[in-house]
file target_34.pdb (PDB, C-alpha atoms)
ATOM      1  CA  MET A  94    -176.253 126.102  40.429  1.00  0.00           C
ATOM      2  CA  SER A  95    -172.782 125.138  41.566  1.00  0.00           C
ATOM      3  CA  SER A  96    -169.812 126.534  39.653  1.00  0.00           C
ATOM      4  CA  SER A  97    -168.303 123.030  39.596  1.00  0.00           C
ATOM      5  CA  LEU A  98    -171.109 121.668  37.389  1.00  0.00           C
ATOM      6  CA  LYS A  99    -170.124 120.681  33.865  1.00  0.00           C
ATOM      7  CA  PRO A 100    -172.827 121.386  31.259  1.00  0.00           C
ATOM      8  CA  THR A 101    -174.147 118.454  29.249  1.00  0.00           C
ATOM      9  CA  GLU A 102    -173.120 118.459  25.583  1.00  0.00           C
ATOM     10  CA  THR A 103    -176.698 118.572  24.299  1.00  0.00           C
ATOM     11  CA  THR A 104    -175.871 117.946  20.635  1.00  0.00           C
ATOM     12  CA  GLU A 105    -173.916 114.814  21.533  1.00  0.00           C
ATOM     13  CA  LEU A 106    -176.613 113.634  23.929  1.00  0.00           C
ATOM     14  CA  LEU A 107    -179.388 114.049  21.342  1.00  0.00           C
ATOM     15  CA  THR A 108    -177.291 112.034  18.885  1.00  0.00           C
ATOM     16  CA  ASP A 109    -177.017 109.217  21.465  1.00  0.00           C
ATOM     17  CA  LEU A 110    -180.740 109.022  22.337  1.00  0.00           C
ATOM     18  CA  GLY A 111    -182.245 105.824  21.007  1.00  0.00           C
ATOM     19  CA  GLY A 112    -178.977 104.983  19.254  1.00  0.00           C
ATOM     20  CA  GLY A 113    -179.508 107.926  16.897  1.00  0.00           C
ATOM     21  CA  ALA A 114    -183.092 106.982  15.991  1.00  0.00           C
ATOM     22  CA  PHE A 115    -184.612 109.864  17.960  1.00  0.00           C
ATOM     23  CA  LEU A 116    -182.574 112.560  16.203  1.00  0.00           C
ATOM     24  CA  LYS A 117    -183.138 110.945  12.780  1.00  0.00           C
ATOM     25  CA  ALA A 118    -186.897 110.903  13.437  1.00  0.00           C
ATOM     26  CA  LEU A 119    -186.726 114.592  14.416  1.00  0.00           C
ATOM     27  CA  ASP A 120    -184.881 115.404  11.172  1.00  0.00           C
ATOM     28  CA  ILE A 121    -187.550 113.673   9.091  1.00  0.00           C
ATOM     29  CA  THR A 122    -190.457 115.106  11.113  1.00  0.00           C
ATOM     30  CA  LEU A 123    -189.219 118.700  10.793  1.00  0.00           C
ATOM     31  CA  SER A 124    -188.929 118.316   7.019  1.00  0.00           C
ATOM     32  CA  GLU A 125    -192.368 116.713   6.782  1.00  0.00           C
ATOM     33  CA  ILE A 126    -193.938 119.508   8.848  1.00  0.00           C
ATOM     34  CA  GLY A 127    -192.146 122.202   6.845  1.00  0.00           C
ATOM     35  CA  ALA A 128    -193.401 120.797   3.543  1.00  0.00           C
ATOM     36  CA  ALA A 129    -196.948 120.388   4.905  1.00  0.00           C
ATOM     37  CA  VAL A 130    -197.013 123.961   6.285  1.00  0.00           C
ATOM     38  CA  ILE A 131    -196.091 125.387   2.882  1.00  0.00           C
ATOM     39  CA  GLU A 132    -198.466 123.084   0.982  1.00  0.00           C
ATOM     40  CA  ASN A 133    -201.498 123.601   3.253  1.00  0.00           C
ATOM     41  CA  ARG A 134    -200.774 127.141   4.509  1.00  0.00           C
ATOM     42  CA  LYS A 135    -201.455 126.065   8.100  1.00  0.00           C
ATOM     43  CA  GLY A 136    -199.132 125.778  11.102  1.00  0.00           C
ATOM     44  CA  GLY A 137    -197.622 122.599  12.507  1.00  0.00           C
ATOM     45  CA  SER A 138    -195.645 121.775  15.632  1.00  0.00           C
ATOM     46  CA  VAL A 139    -193.122 119.455  17.266  1.00  0.00           C
ATOM     47  CA  THR A 140    -192.962 118.950  21.032  1.00  0.00           C
ATOM     48  CA  ILE A 141    -190.065 117.160  22.715  1.00  0.00           C
ATOM     49  CA  ASP A 142    -190.483 115.877  26.266  1.00  0.00           C
ATOM     50  CA  ILE A 143    -187.458 114.479  28.123  1.00  0.00           C
ATOM     51  CA  LYS A 144    -187.826 112.824  31.530  1.00  0.00           C
ATOM     52  CA  ILE A 145    -184.865 111.475  33.493  1.00  0.00           C
ATOM     53  CA  LYS A 146    -185.317 108.973  36.312  1.00  0.00           C
ATOM     54  CA  PRO A 147    -182.822 107.052  38.474  1.00  0.00           C
ATOM     55  CA  GLN A 148    -182.070 103.496  37.412  1.00  0.00           C
ATOM     56  CA  GLY A 149    -180.929 101.266  40.252  1.00  0.00           C
ATOM     57  CA  SER A 150    -178.191 102.614  42.469  1.00  0.00           C
ATOM     58  CA  GLY A 151    -175.202 104.681  41.494  1.00  0.00           C
ATOM     59  CA  MET A 152    -174.980 107.201  38.687  1.00  0.00           C
ATOM     60  CA  ASN A 153    -177.173 105.390  36.133  1.00  0.00           C
ATOM     61  CA  VAL A 154    -180.379 106.974  34.882  1.00  0.00           C
ATOM     62  CA  VAL A 155    -182.964 106.159  32.263  1.00  0.00           C
ATOM     63  CA  CYS A 156    -184.066 108.850  29.851  1.00  0.00           C
ATOM     64  CA  ASN A 157    -187.628 108.672  28.531  1.00  0.00           C
ATOM     65  CA  HIS A 158    -187.706 110.861  25.435  1.00  0.00           C
ATOM     66  CA  LYS A 159    -190.908 111.535  23.559  1.00  0.00           C
ATOM     67  CA  MET A 160    -191.578 113.510  20.407  1.00  0.00           C
ATOM     68  CA  SER A 161    -195.117 114.533  19.470  1.00  0.00           C
ATOM     69  CA  CYS A 162    -195.939 116.316  16.248  1.00  0.00           C
ATOM     70  CA  VAL A 163    -198.898 117.945  14.556  1.00  0.00           C
ATOM     71  CA  ILE A 164    -198.718 117.982  10.762  1.00  0.00           C
ATOM     72  CA  PRO A 165    -201.246 120.111   8.899  1.00  0.00           C
ATOM     73  CA  THR A 166    -203.271 118.442   6.149  1.00  0.00           C
ATOM     74  CA  GLU A 167    -205.687 119.814   3.584  1.00  0.00           C
ATOM     75  CA  ASN A 168    -208.737 119.086   5.744  1.00  0.00           C
ATOM     76  CA  GLY A 169    -207.309 119.101   9.270  1.00  0.00           C
ATOM     77  CA  LYS A 170    -204.208 117.704  10.888  1.00  0.00           C
ATOM     78  CA  LYS A 171    -202.291 114.487  11.493  1.00  0.00           C
ATOM     79  CA  THR A 172    -200.660 113.725  14.854  1.00  0.00           C
ATOM     80  CA  GLU A 173    -197.821 111.295  15.587  1.00  0.00           C
ATOM     81  CA  ASP A 174    -195.919 110.270  18.713  1.00  0.00           C
ATOM     82  CA  LEU A 175    -192.559 108.562  19.168  1.00  0.00           C
ATOM     83  CA  GLU A 176    -191.412 107.427  22.610  1.00  0.00           C
ATOM     84  CA  LEU A 177    -188.080 105.742  23.408  1.00  0.00           C
ATOM     85  CA  LEU A 178    -185.969 104.895  26.471  1.00  0.00           C
ATOM     86  CA  THR A 179    -182.186 105.279  26.664  1.00  0.00           C
ATOM     87  CA  PRO A 180    -179.917 104.340  29.588  1.00  0.00           C
ATOM     88  CA  LEU A 181    -177.498 107.167  30.456  1.00  0.00           C
ATOM     89  CA  VAL A 182    -174.914 108.117  33.093  1.00  0.00           C
ATOM     90  CA  VAL A 183    -174.738 111.243  35.250  1.00  0.00           C
ATOM     91  CA  ASN A 184    -171.030 111.954  35.714  1.00  0.00           C
ATOM     92  CA  GLU A 185    -169.378 113.445  38.829  1.00  0.00           C
ATOM     93  CA  LYS A 186    -169.894 117.045  37.727  1.00  0.00           C
ATOM     94  CA  GLY A 187    -173.515 116.519  36.668  1.00  0.00           C
ATOM     95  CA  ASN A 188    -173.122 116.234  32.914  1.00  0.00           C
ATOM     96  CA  ILE A 189    -175.108 113.443  31.275  1.00  0.00           C
ATOM     97  CA  THR A 190    -173.477 111.109  28.755  1.00  0.00           C
ATOM     98  CA  MET A 191    -174.014 107.697  27.180  1.00  0.00           C
ATOM     99  CA  TYR A 192    -170.886 106.258  28.839  1.00  0.00           C
ATOM    100  CA  PRO A 193    -169.068 107.208  32.061  1.00  0.00           C
ATOM    101  CA  GLU A 194    -166.330 109.787  31.521  1.00  0.00           C
ATOM    102  CA  ASN A 195    -164.000 107.906  33.843  1.00  0.00           C
ATOM    103  CA  GLN A 196    -164.365 104.586  32.011  1.00  0.00           C
ATOM    104  CA  LEU A 197    -160.957 102.984  31.600  1.00  0.00           C
ATOM    105  CA  GLN A 198    -159.524 102.364  28.140  1.00  0.00           C
ATOM    106  CA  MET A 199    -159.902  98.648  27.411  1.00  0.00           C
ATOM    107  CA  PHE A 200    -157.279  98.468  24.690  1.00  0.00           C
ATOM    108  CA  GLU A 201    -154.056 100.322  24.080  1.00  0.00           C
ATOM    109  CA  LYS A 202    -154.232 102.621  21.086  1.00  0.00           C
ATOM    110  CA  GLU A 203    -150.906 101.288  19.818  1.00  0.00           C
ATOM    111  CA  PRO A 204    -149.994  97.796  21.010  1.00  0.00           C
ATOM    112  CA  LYS A 205    -146.518  97.620  22.571  1.00  0.00           C
ATOM    113  CA  LEU A 206    -144.094  94.724  22.605  1.00  0.00           C
ATOM    114  CA  LYS A 207    -142.413  93.511  25.807  1.00  0.00           C
ATOM    115  CA  ASP A 208    -139.336  95.654  25.067  1.00  0.00           C
ATOM    116  CA  GLY A 209    -141.581  98.769  24.951  1.00  0.00           C
ATOM    117  CA  SER A 210    -141.395  99.277  21.200  1.00  0.00           C
ATOM    118  CA  ILE A 211    -144.603  99.793  19.224  1.00  0.00           C
ATOM    119  CA  ASN A 212    -145.833  96.849  17.166  1.00  0.00           C
ATOM    120  CA  ARG A 213    -146.808  98.223  13.732  1.00  0.00           C
ATOM    121  CA  PHE A 214    -147.484  94.745  12.252  1.00  0.00           C
TER     122      PHE A 214
END

call {"tool": "encode", "arguments": {"input": "target_34.pdb", "output": "structure tokens"}}
result
Amino acid sequence: MSSSLKPTETTELLTDLGGGAFLKALDITLSEIGAAVIENRKGGSVTIDIKIKPQGSGMNVVCNHKMSCVIPTENGKKTEDLELLTPLVVNEKGNITMYPENQLQMFEKEPKLKDGSINRF
């Protein structure tokens, strides 16, 4: 691994997957499994599978993220799958984000008048 690589901010990336739906589903699934494990005295599981593939040319990729779970029941188990796709960007140093890090600011944070003073409305 090159020392110039910048690690991906995993917490931020998970929040971005599926517009937040993936992480919200994981939150709910973990709670559902926890309650079922206590109630039925049997184990459950969650498996997350993330696959990243190039999308067109350039630095764009598509992330296929899948969550599979096994929830114990009184007489067996219940299984569920969730699979979503999210477009992402691999930046110059290898970190993966929702938007390019070098994207230009579209609007000024504080609009300025022609004379250079700040317009506070």

call {"tool": "resolve_selection", "arguments": {"input": "target_34.pdb", "expression": "the PyMOL selection byres ((chain A and resi 165) around 10)", "output": "list in words"}}
result
Glu125, Ile126, Gly127, Ala128, Ala129, Val130, Ile131, Glu132, Asn133, Arg134, Lys135, Gly136, Gly137, Ser138, Cys162, Val163, Ile164, Thr166, Glu167, Asn168, Gly169, Lys170, Lys171 and Thr172 of chain A

call {"tool": "closest_residue", "arguments": {"input": "target_34.pdb", "among": "A:Cys156, A:Asp208, A:Asp120, A:Asp142", "to": "Leu178 of chain A", "atoms": "only C-alpha atoms"}}
result
A:Cys156

call {"tool": "closest_residue", "arguments": {"input": "target_34.pdb", "among": "A:Met191, A:Val139, A:Leu98, A:Ile145", "to": "Ile121 of chain A", "atoms": "only C-alpha atoms"}}
result
A:Val139

call {"tool": "resolve_selection", "arguments": {"input": "target_34.pdb", "expression": "the PyMOL selection byres ((chain A and resi 188) around 7)", "output": "short mmCIF file (atom, residue, chain, number, x, y, z; two decimals) with C-alpha atoms, in the coordinates of the input"}}
result
data_model
loop_
_atom_site.label_atom_id
_atom_site.label_comp_id
_atom_site.auth_asym_id
_atom_site.auth_seq_id
_atom_site.Cartn_x
_atom_site.Cartn_y
_atom_site.Cartn_z
CA LYS A 99 -170.12 120.68 33.86
CA PRO A 100 -172.83 121.39 31.26
CA THR A 101 -174.15 118.45 29.25
CA VAL A 183 -174.74 111.24 35.25
CA ASN A 184 -171.03 111.95 35.71
CA LYS A 186 -169.89 117.04 37.73
CA GLY A 187 -173.52 116.52 36.67
CA ILE A 189 -175.11 113.44 31.28
CA THR A 190 -173.48 111.11 28.76
#

call {"tool": "atom_distance", "arguments": {"input": "target_34.pdb", "atom1": "atom CA of Gly111 of chain A", "atom2": "atom CA of Thr179 of chain A"}}
result
5.7 Å

call {"tool": "atom_distance", "arguments": {"input": "target_34.pdb", "atom1": "atom CA of His158 of chain A", "atom2": "atom CA of Val182 of chain A"}}
result
15.2 Å

call {"tool": "resolve_selection", "arguments": {"input": "target_34.pdb", "expression": "the PyMOL selection byres ((chain A and resi 177) around 12)", "output": "NGL selection string"}}
result
:A and (109-116 or 118 or 141-144 or 155-161 or 174-176 or 178-180)

call {"tool": "atom_distance", "arguments": {"input": "target_34.pdb", "atom1": "atom CA of Pro147 of chain A", "atom2": "atom CA of Glu173 of chain A"}}
result
27.7 Å

call {"tool": "closest_residue", "arguments": {"input": "target_34.pdb", "among": "A:Thr140, A:Thr108, A:Ser124, A:Met152", "to": "Glu194 of chain A", "atoms": "all atoms listed in the file"}}
result
A:Met152
